[in-house]
file entry.txt (compact mmCIF, C-alpha atoms)
# COMPACT_ATOMS: atom_id res chain seq x y z
CA MET U 480 -62.68 32.28 226.19
CA THR U 481 -65.01 35.23 225.70
CA THR U 482 -68.17 35.23 223.60
CA THR U 483 -66.59 37.67 221.11
CA GLU U 484 -63.59 35.41 220.46
CA THR U 485 -65.88 32.43 219.99
CA THR U 486 -68.00 34.34 217.49
CA VAL U 487 -64.93 35.49 215.50
CA ARG U 488 -63.55 31.96 215.29
CA THR U 489 -66.95 30.61 214.22
CA VAL U 490 -67.21 33.21 211.46
CA ARG U 491 -63.68 32.43 210.24
CA THR U 492 -64.43 28.71 210.22
CA ARG U 493 -67.63 29.21 208.24
CA SER U 494 -65.91 31.58 205.76
CA ARG U 495 -63.38 28.92 204.74
CA LYS U 496 -64.53 27.30 201.55
CA PRO U 497 -63.54 23.75 200.66
CA TRP U 498 -60.93 23.34 197.97
CA THR U 499 -62.20 22.89 194.47
CA PRO U 500 -60.85 20.07 192.28
CA SER U 501 -58.94 22.59 190.13
CA GLN U 502 -57.20 24.03 193.21
CA ILE U 503 -56.22 20.56 194.37
CA VAL U 504 -54.80 19.68 190.94
CA LEU U 505 -52.84 22.95 190.70
CA THR U 506 -51.46 22.46 194.21
CA LEU U 507 -50.31 18.93 193.42
CA ILE U 508 -48.69 20.13 190.18
CA GLY U 509 -46.93 22.91 192.08
CA VAL U 510 -45.63 20.46 194.68
CA ALA U 511 -44.40 18.09 191.95
CA VAL U 512 -42.60 20.87 190.06
CA SER U 513 -41.05 22.15 193.29
CA ALA U 514 -39.84 18.63 194.12
CA VAL U 515 -38.18 18.35 190.70
CA PHE U 516 -36.20 21.55 191.34
CA VAL U 517 -35.39 20.83 194.99
CA ALA U 518 -34.36 17.18 194.49
CA PRO U 519 -30.92 17.91 192.89
CA ILE U 520 -30.05 20.37 195.67
CA ALA U 521 -31.12 17.88 198.33
CA ALA U 522 -29.14 15.10 196.64
CA ALA U 523 -26.04 17.30 196.46
CA LEU U 524 -26.33 18.24 200.13
CA LEU U 525 -26.80 14.65 201.27
CA THR U 526 -23.93 13.45 199.06
CA SER U 527 -21.62 16.11 200.49
CA LEU U 528 -22.32 14.72 203.97
CA LYS U 529 -21.12 11.22 202.98
CA SER U 530 -17.62 9.81 202.98
CA GLU U 531 -15.90 9.59 199.60
CA ALA U 532 -16.22 5.79 199.55
CA GLU U 533 -19.93 5.94 200.32
CA ALA U 534 -20.52 8.73 197.78
CA ALA U 535 -19.00 6.57 195.02
CA GLU U 536 -21.14 3.52 195.77
CA ILE U 537 -23.31 2.07 192.99
CA PRO U 538 -26.25 2.00 193.20
CA PRO U 539 -26.32 5.22 195.22
CA HIS U 540 -28.62 5.81 198.15
CA TRP U 541 -30.11 9.03 199.42
CA LEU U 542 -29.33 9.16 203.13
CA PRO U 543 -25.74 8.80 204.37
CA GLU U 544 -25.03 5.80 206.55
CA ASP U 545 -22.30 7.72 208.38
CA TRP U 546 -22.96 11.46 208.53
CA THR U 547 -19.69 13.36 208.19
CA ALA U 548 -18.48 16.82 207.15
CA GLN U 549 -15.18 15.39 205.88
CA ALA U 550 -15.79 16.62 202.31
CA TRP U 551 -16.43 20.19 203.45
CA LYS U 552 -13.32 20.20 205.65
CA ALA U 553 -11.16 18.70 202.88
CA LEU U 554 -12.39 21.33 200.42
CA TRP U 555 -11.47 24.14 202.80
CA ASP U 556 -8.05 22.57 203.46
CA THR U 557 -7.11 21.92 199.81
CA GLY U 558 -8.64 24.98 198.15
CA ASN U 559 -8.37 28.73 198.64
CA ILE U 560 -12.10 29.21 199.09
CA THR U 561 -11.92 32.70 200.60
CA ASN U 562 -9.78 34.06 197.76
CA TRP U 563 -12.00 32.45 195.10
CA PHE U 564 -15.11 33.90 196.73
CA ILE U 565 -13.62 37.41 196.86
CA ASN U 566 -12.54 37.19 193.21
CA SER U 567 -16.00 36.08 192.12
CA LEU U 568 -17.60 38.84 194.16
CA VAL U 569 -15.31 41.56 192.75
CA VAL U 570 -15.79 40.42 189.16
CA SER U 571 -19.56 39.97 189.46
CA VAL U 572 -20.15 43.30 191.21
CA CYS U 573 -18.00 45.22 188.70
CA VAL U 574 -19.66 43.52 185.72
CA THR U 575 -23.11 44.23 187.15
CA THR U 576 -22.27 47.90 187.76
CA VAL U 577 -20.91 48.43 184.24
CA VAL U 578 -23.78 46.54 182.59
CA LEU U 579 -26.41 48.51 184.53
CA THR U 580 -24.79 51.82 183.57
CA VAL U 581 -24.32 50.97 179.90
CA SER U 582 -27.72 49.29 179.52
CA ALA U 583 -29.64 52.13 181.17
CA LEU U 584 -27.96 54.82 179.08
CA ALA U 585 -28.19 52.87 175.82
CA GLY U 586 -31.78 51.75 176.41
CA TYR U 587 -32.91 55.28 177.24
CA GLY U 588 -31.03 56.70 174.27
CA PHE U 589 -32.68 54.29 171.84
CA ALA U 590 -36.11 54.83 173.39
CA ARG U 591 -36.12 58.64 173.62
CA THR U 592 -33.68 60.16 171.13
CA GLU U 593 -33.79 60.31 167.35
CA PHE U 594 -30.58 60.31 165.32
CA ARG U 595 -29.37 59.21 161.92
CA GLY U 596 -28.67 55.50 161.71
CA LYS U 597 -30.63 54.66 164.86
CA SER U 598 -32.36 51.61 163.35
CA VAL U 599 -29.08 50.30 161.93
CA LEU U 600 -27.28 50.71 165.25
CA MET U 601 -30.17 49.08 167.09
CA GLY U 602 -30.00 46.15 164.68
CA ILE U 603 -26.27 45.78 165.33
CA VAL U 604 -26.87 45.74 169.08
CA MET U 605 -29.66 43.20 168.78
CA SER U 606 -27.51 40.98 166.54
CA GLY U 607 -25.48 40.29 169.65
CA LEU U 608 -28.38 38.13 170.85
CA MET U 609 -27.78 35.73 167.95
CA ILE U 610 -24.06 35.18 168.60
CA SER U 611 -22.98 32.58 171.13
CA PRO U 612 -20.38 33.78 173.65
CA ALA U 613 -18.34 30.62 172.96
CA VAL U 614 -17.88 31.72 169.34
CA LEU U 615 -16.31 34.98 170.51
CA GLY U 616 -13.87 33.29 172.86
CA VAL U 617 -10.85 33.23 170.54
CA PRO U 618 -11.13 36.80 169.15
CA LEU U 619 -11.86 38.16 172.61
CA PHE U 620 -8.86 36.36 174.08
CA THR U 621 -6.62 37.66 171.28
CA THR U 622 -7.83 41.21 171.92
CA VAL U 623 -7.36 40.92 175.68
CA GLN U 624 -3.89 39.45 175.19
CA GLN U 625 -2.84 42.29 172.87
CA MET U 626 -4.06 44.81 175.44
CA GLY U 627 -1.99 43.13 178.16
CA MET U 628 -4.98 42.27 180.34
CA VAL U 629 -4.43 38.50 180.68
CA ASP U 630 -4.37 37.46 184.34
CA THR U 631 -6.00 40.71 185.46
CA TYR U 632 -9.39 41.63 186.86
CA TRP U 633 -10.11 43.90 183.88
CA GLY U 634 -9.45 41.02 181.51
CA MET U 635 -12.21 39.04 183.23
CA ILE U 636 -14.60 41.98 183.63
CA LEU U 637 -14.65 44.00 180.40
CA PRO U 638 -15.45 41.20 177.89
CA GLN U 639 -18.55 40.35 179.96
CA CYS U 640 -19.91 43.89 179.65
CA ALA U 641 -21.57 43.64 176.22
CA PRO U 642 -25.21 43.50 177.41
CA ALA U 643 -27.34 43.26 174.25
CA ALA U 644 -30.17 41.45 176.05
CA MET U 645 -30.09 43.89 178.97
CA VAL U 646 -30.19 46.88 176.62
CA TYR U 647 -33.29 45.40 175.00
CA ILE U 648 -35.01 44.81 178.36
CA LEU U 649 -34.50 48.42 179.48
CA TYR U 650 -35.28 49.74 176.00
CA LYS U 651 -38.70 48.07 176.16
CA PHE U 652 -39.31 49.51 179.61
CA PHE U 653 -38.31 53.06 178.69
CA GLN U 654 -40.65 52.92 175.71
CA GLY U 655 -43.53 52.40 178.14
CA VAL U 656 -42.68 55.41 180.32
CA PRO U 657 -45.20 58.22 179.59
CA ARG U 658 -43.55 61.04 177.69
CA GLU U 659 -45.78 63.53 179.51
CA LEU U 660 -43.71 63.10 182.68
CA GLU U 661 -40.52 64.08 180.88
CA GLU U 662 -42.18 66.90 178.96
CA ALA U 663 -43.49 68.40 182.21
CA ALA U 664 -39.96 68.32 183.63
CA PHE U 665 -38.58 69.95 180.47
CA ILE U 666 -41.15 72.74 180.79
CA ASP U 667 -39.99 73.33 184.37
CA GLY U 668 -36.44 73.82 183.07
CA ALA U 669 -34.92 70.39 183.76
CA GLY U 670 -32.29 69.08 181.36
CA ARG U 671 -32.07 65.66 179.79
CA TRP U 672 -29.65 64.29 182.38
CA ARG U 673 -31.70 65.60 185.30
CA VAL U 674 -34.86 64.08 183.86
CA PHE U 675 -33.07 60.78 183.39
CA PHE U 676 -31.70 60.56 186.94
CA THR U 677 -34.63 62.09 188.87
CA ILE U 678 -37.63 60.76 186.94
CA VAL U 679 -36.76 57.87 184.64
CA VAL U 680 -34.30 55.96 186.84
CA PRO U 681 -36.61 55.89 189.91
CA LEU U 682 -39.44 54.59 187.72
CA ALA U 683 -37.11 51.93 186.29
CA ARG U 684 -36.07 50.47 189.64
CA PRO U 685 -37.90 47.13 189.14
CA SER U 686 -36.37 46.63 185.69
CA LEU U 687 -32.93 47.77 186.86
CA ALA U 688 -33.13 45.35 189.78
CA ALA U 689 -34.04 42.48 187.45
CA VAL U 690 -31.21 43.36 185.03
CA GLY U 691 -28.74 43.61 187.91
CA ILE U 692 -29.76 40.24 189.36
CA PHE U 693 -29.67 38.49 185.97
CA THR U 694 -26.24 39.96 185.24
CA PHE U 695 -24.83 39.09 188.66
CA ILE U 696 -26.00 35.48 188.39
CA ALA U 697 -24.62 35.08 184.85
CA SER U 698 -21.25 36.57 185.82
CA TRP U 699 -20.99 34.49 189.00
CA ASN U 700 -21.70 31.27 187.07
CA ASN U 701 -19.39 32.12 184.16
CA PHE U 702 -16.80 29.37 183.92
CA LEU U 703 -15.46 29.51 180.36
CA TRP U 704 -14.17 33.07 180.06
CA PRO U 705 -12.34 33.32 183.44
CA TYR U 706 -10.88 29.88 182.68
CA MET U 707 -9.54 31.10 179.32
CA VAL U 708 -8.11 34.42 180.48
CA THR U 709 -6.72 33.45 183.90
CA ASN U 710 -3.75 31.24 184.68
CA ASN U 711 -2.92 32.78 188.04
CA PRO U 712 -4.38 30.67 190.90
CA ASP U 713 -4.78 33.83 193.00
CA LEU U 714 -7.27 35.26 190.45
CA MET U 715 -9.46 32.20 190.02
CA THR U 716 -13.19 32.55 190.60
CA MET U 717 -15.31 30.03 192.48
CA PRO U 718 -16.27 27.81 189.50
CA ASN U 719 -12.68 27.73 188.19
CA GLY U 720 -11.12 27.17 191.59
CA ILE U 721 -13.41 24.28 192.50
CA ALA U 722 -12.84 22.67 189.09
CA THR U 723 -9.07 22.94 189.58
CA VAL U 724 -9.23 21.21 192.96
CA MET U 725 -11.32 18.38 191.53
CA ASN U 726 -9.02 17.93 188.55
CA SER U 727 -5.98 17.83 190.81
CA TYR U 728 -7.37 15.18 193.16
CA GLY U 729 -9.57 13.21 190.79
CA ILE U 730 -13.33 12.97 190.90
CA GLN U 731 -14.28 12.99 194.55
CA TRP U 732 -18.02 13.20 194.51
CA ALA U 733 -18.56 14.38 198.08
CA GLN U 734 -16.14 17.29 197.63
CA LEU U 735 -17.61 18.06 194.22
CA MET U 736 -21.11 18.35 195.70
CA ALA U 737 -19.82 20.45 198.59
CA GLY U 738 -18.03 22.79 196.19
CA GLY U 739 -21.08 23.13 193.98
CA LEU U 740 -23.28 24.02 196.95
CA MET U 741 -20.71 26.47 198.23
CA ALA U 742 -20.53 28.19 194.84
CA GLY U 743 -24.31 28.25 194.40
CA LEU U 744 -25.25 29.37 197.90
CA PRO U 745 -24.86 33.13 197.21
CA LEU U 746 -27.08 32.82 194.14
CA ILE U 747 -29.77 31.01 196.12
CA VAL U 748 -29.66 33.78 198.74
CA VAL U 749 -29.90 36.46 196.03
CA PHE U 750 -32.88 34.77 194.41
CA VAL U 751 -34.72 34.20 197.69
CA PHE U 752 -34.40 37.84 198.74
CA PHE U 753 -34.93 39.43 195.31
CA GLN U 754 -37.42 37.14 193.59
CA ARG U 755 -40.12 39.85 193.77
CA GLN U 756 -37.85 42.26 191.91
CA ILE U 757 -37.17 39.65 189.24
CA VAL U 758 -40.87 39.03 188.64
CA ALA U 759 -41.69 42.76 188.76
CA GLY U 760 -38.86 43.56 186.35
CA VAL U 761 -40.01 41.02 183.77
CA ALA U 762 -43.61 42.20 184.11
CA HIS U 763 -42.66 45.86 183.66
CA THR U 764 -40.58 45.23 180.53
CA GLY U 765 -43.43 43.54 178.69
CA LEU U 766 -41.42 40.35 178.15
CA ALA U 767 -43.88 38.12 180.02
CA GLY U 768 -46.24 37.91 177.06
CA GLN U 769 -43.59 37.36 174.41

call {"tool": "encode", "arguments": {"input": "entry.txt", "output": "structure tokens"}}
result
Amino acid sequence: MTTTETTVRTVRTRSRKPWTPSQIVLTLIGVAVSAVFVAPIAAALLTSLKSEAEAAEIPPHWLPEDWTAQAWKALWDTGNITNWFINSLVVSVCVTTVVLTVSALAGYGFARTEFRGKSVLMGIVMSGLMISPAVLGVPLFTTVQQMGMVDTYWGMILPQCAPAAMVYILYKFFQGVPRELEEAAFIDGAGRWRVFFTIVVPLARPSLAAVGIFTFIASWNNFLWPYMVTNNPDLMTMPNGIATVMNSYGIQWAQLMAGGLMAGLPLIVVFVFFQRQIVAGVAHTGLAGQ
């Protein structure tokens, strides 16, 4: 070891300050909160690796006595997992694309254009935040049935594309974009659409990413609406397909945990890779302080 390396290590060691009591308390709180969120996932994973008899034992125990992947194999054998996954992916991607397009255009229109009845129309859009989706189930199903879209992809997609909350998020962001940037582009001869796509949309990438992730997660987890509008087993999404298998074979806890993990795995991957965009999107919309 050279003298230079020794000196550098000594300086680094001396520069490390001991933890303060507040840092220790915050770290312990963070570990405790993380454990609360991780514990259900760990319990589901360990339960899925038990036999059905062991998973139904009372009182339950954490670690399996006999480690087995029987529940995962049985779920693959009894259910059409690949088809359910593709259906969920198609529906979620289409819903996310439509919501992003509609929300961006509506939010920018409310933020930058003036027209008669703007406040009334904005109030109507925001009133959608006060209505539970479950309340709209019957009228939406009647409308979809009259349009002949029962047991179709469009019947599952279009009713999920009323993004009042997403319009509000992008509306708040567009309000914070400096008007000088757009005015400079107008002076250079750019039109409204060119300004929107070349200036506003690139600036809105964090908020658009957050809206897209929120929408994708909500659509992927949606159980009620696809259950109401779909009777064809070939069009079932992951939540509906797994619930059908469990209802057909009774409550088999190991398979239920395996199915839940299988359905939630894509969302965990999305959150892990895009958590920075979620935080940045919320920060840029101004919702963090509300």

call {"tool": "closest_atom_pairs", "arguments": {"input": "entry.txt", "of": "segment 540-631 of chain U", "to": "segment 508-527 of chain U", "cutoff": "8 Å", "atoms": "all atoms listed in the file", "output": "Markdown table"}}
result
| residue | atom | partner | partner_atom | distance |
| --- | --- | --- | --- | --- |
| U:Trp541 | CA | U:Ala522 | CA | 6.7 |
| U:Leu542 | CA | U:Leu525 | CA | 6.3 |
| U:Pro543 | CA | U:Leu525 | CA | 6.7 |
| U:Ala548 | CA | U:Ser527 | CA | 7.4 |
| U:Ala550 | CA | U:Ser527 | CA | 6.1 |
| U:Trp551 | CA | U:Ser527 | CA | 7.2 |

call {"tool": "residues_near_point", "arguments": {"input": "entry.txt", "point": "(-1.7, 41.9, 184.9)", "cutoff": "12 Å", "atoms": "all atoms listed in the file", "output": "VMD selection string"}}
result
chain U and resid 623 to 624 626 to 635 708 to 711 713 to 714

call {"tool": "closest_residue", "arguments": {"input": "entry.txt", "among": "U:Pro712, U:Pro538, U:Pro618, U:Gly655", "to": "Ser686 of chain U", "atoms": "only C-alpha atoms"}}
result
U:Gly655

call {"tool": "residues_around", "arguments": {"input": "entry.txt", "residues": "Phe676 of chain U", "least_positions_apart": "4", "cutoff": "12 Å", "atoms": "all atoms listed in the file", "output": "MDAnalysis selection string"}}
result
chainID U and resid 580 583:584 587 661 664 669:672 680:684

call {"tool": "atom_distance", "arguments": {"input": "entry.txt", "atom1": "atom CA of Ile648 of chain U", "atom2": "atom CA of Phe665 of chain U"}}
result
25.5 Å

call {"tool": "closest_residue", "arguments": {"input": "entry.txt", "among": "U:Ala733, U:Ile721, U:Ala689, U:Val569", "to": "Phe753 of chain U", "atoms": "all atoms listed in the file"}}
result
U:Ala689

call {"tool": "atom_distance", "arguments": {"input": "entry.txt", "atom1": "atom CA of Phe594 of chain U", "atom2": "atom CA of Val577 of chain U"}}
result
24.3 Å

call {"tool": "atom_distance", "arguments": {"input": "entry.txt", "atom1": "atom CA of Val674 of chain U", "atom2": "atom CA of Leu660 of chain U"}}
result
9.0 Å

call {"tool": "closest_residue", "arguments": {"input": "entry.txt", "among": "U:Cys573, U:Ile692, U:Met609, U:Val656", "to": "Leu637 of chain U", "atoms": "only C-alpha atoms"}}
result
U:Cys573

call {"tool": "closest_residue", "arguments": {"input": "entry.txt", "among": "U:Gly602, U:Gly739, U:Gly720, U:Gly586", "to": "Trp563 of chain U", "atoms": "all atoms listed in the file"}}
result
U:Gly720

call {"tool": "closest_residue", "arguments": {"input": "entry.txt", "among": "U:Val758, U:Ile666, U:Met736, U:Cys640", "to": "Leu579 of chain U", "atoms": "only C-alpha atoms"}}
result
U:Cys640

call {"tool": "closest_residue", "arguments": {"input": "entry.txt", "among": "U:Leu507, U:Met717, U:Met601, U:Met741", "to": "Asn559 of chain U", "atoms": "only C-alpha atoms"}}
result
U:Met717

call {"tool": "residues_around", "arguments": {"input": "entry.txt", "residues": "Phe752 of chain U", "least_positions_apart": "5", "cutoff": "12 Å", "atoms": "only C-alpha atoms", "output": "mmCIF file with C-alpha atoms, in the frame of the given file"}}
result
data_model
loop_
_atom_site.group_PDB
_atom_site.id
_atom_site.type_symbol
_atom_site.label_atom_id
_atom_site.label_comp_id
_atom_site.auth_asym_id
_atom_site.auth_seq_id
_atom_site.Cartn_x
_atom_site.Cartn_y
_atom_site.Cartn_z
ATOM 1 C CA ALA U 688 -33.130 45.350 189.780
ATOM 2 C CA ILE U 692 -29.760 40.240 189.360
ATOM 3 C CA PRO U 745 -24.860 33.130 197.210
ATOM 4 C CA LEU U 746 -27.080 32.820 194.140
ATOM 5 C CA ILE U 747 -29.770 31.010 196.120
ATOM 6 C CA ILE U 757 -37.170 39.650 189.240
#

call {"tool": "residues_around", "arguments": {"input": "entry.txt", "residues": "Gly743 of chain U", "least_positions_apart": "5", "cutoff": "10 Å", "atoms": "only C-alpha atoms", "output": "PyMOL selection string"}}
result
chain U and resi 520+696+699-700+717-718+737-738+748

call {"tool": "residues_around", "arguments": {"input": "entry.txt", "residues": "segment 529-532 of chain U", "least_positions_apart": "5", "cutoff": "7 Å", "atoms": "all atoms listed in the file", "output": "ChimeraX atom specification"}}
result
/U:543,545-547,549,731-733
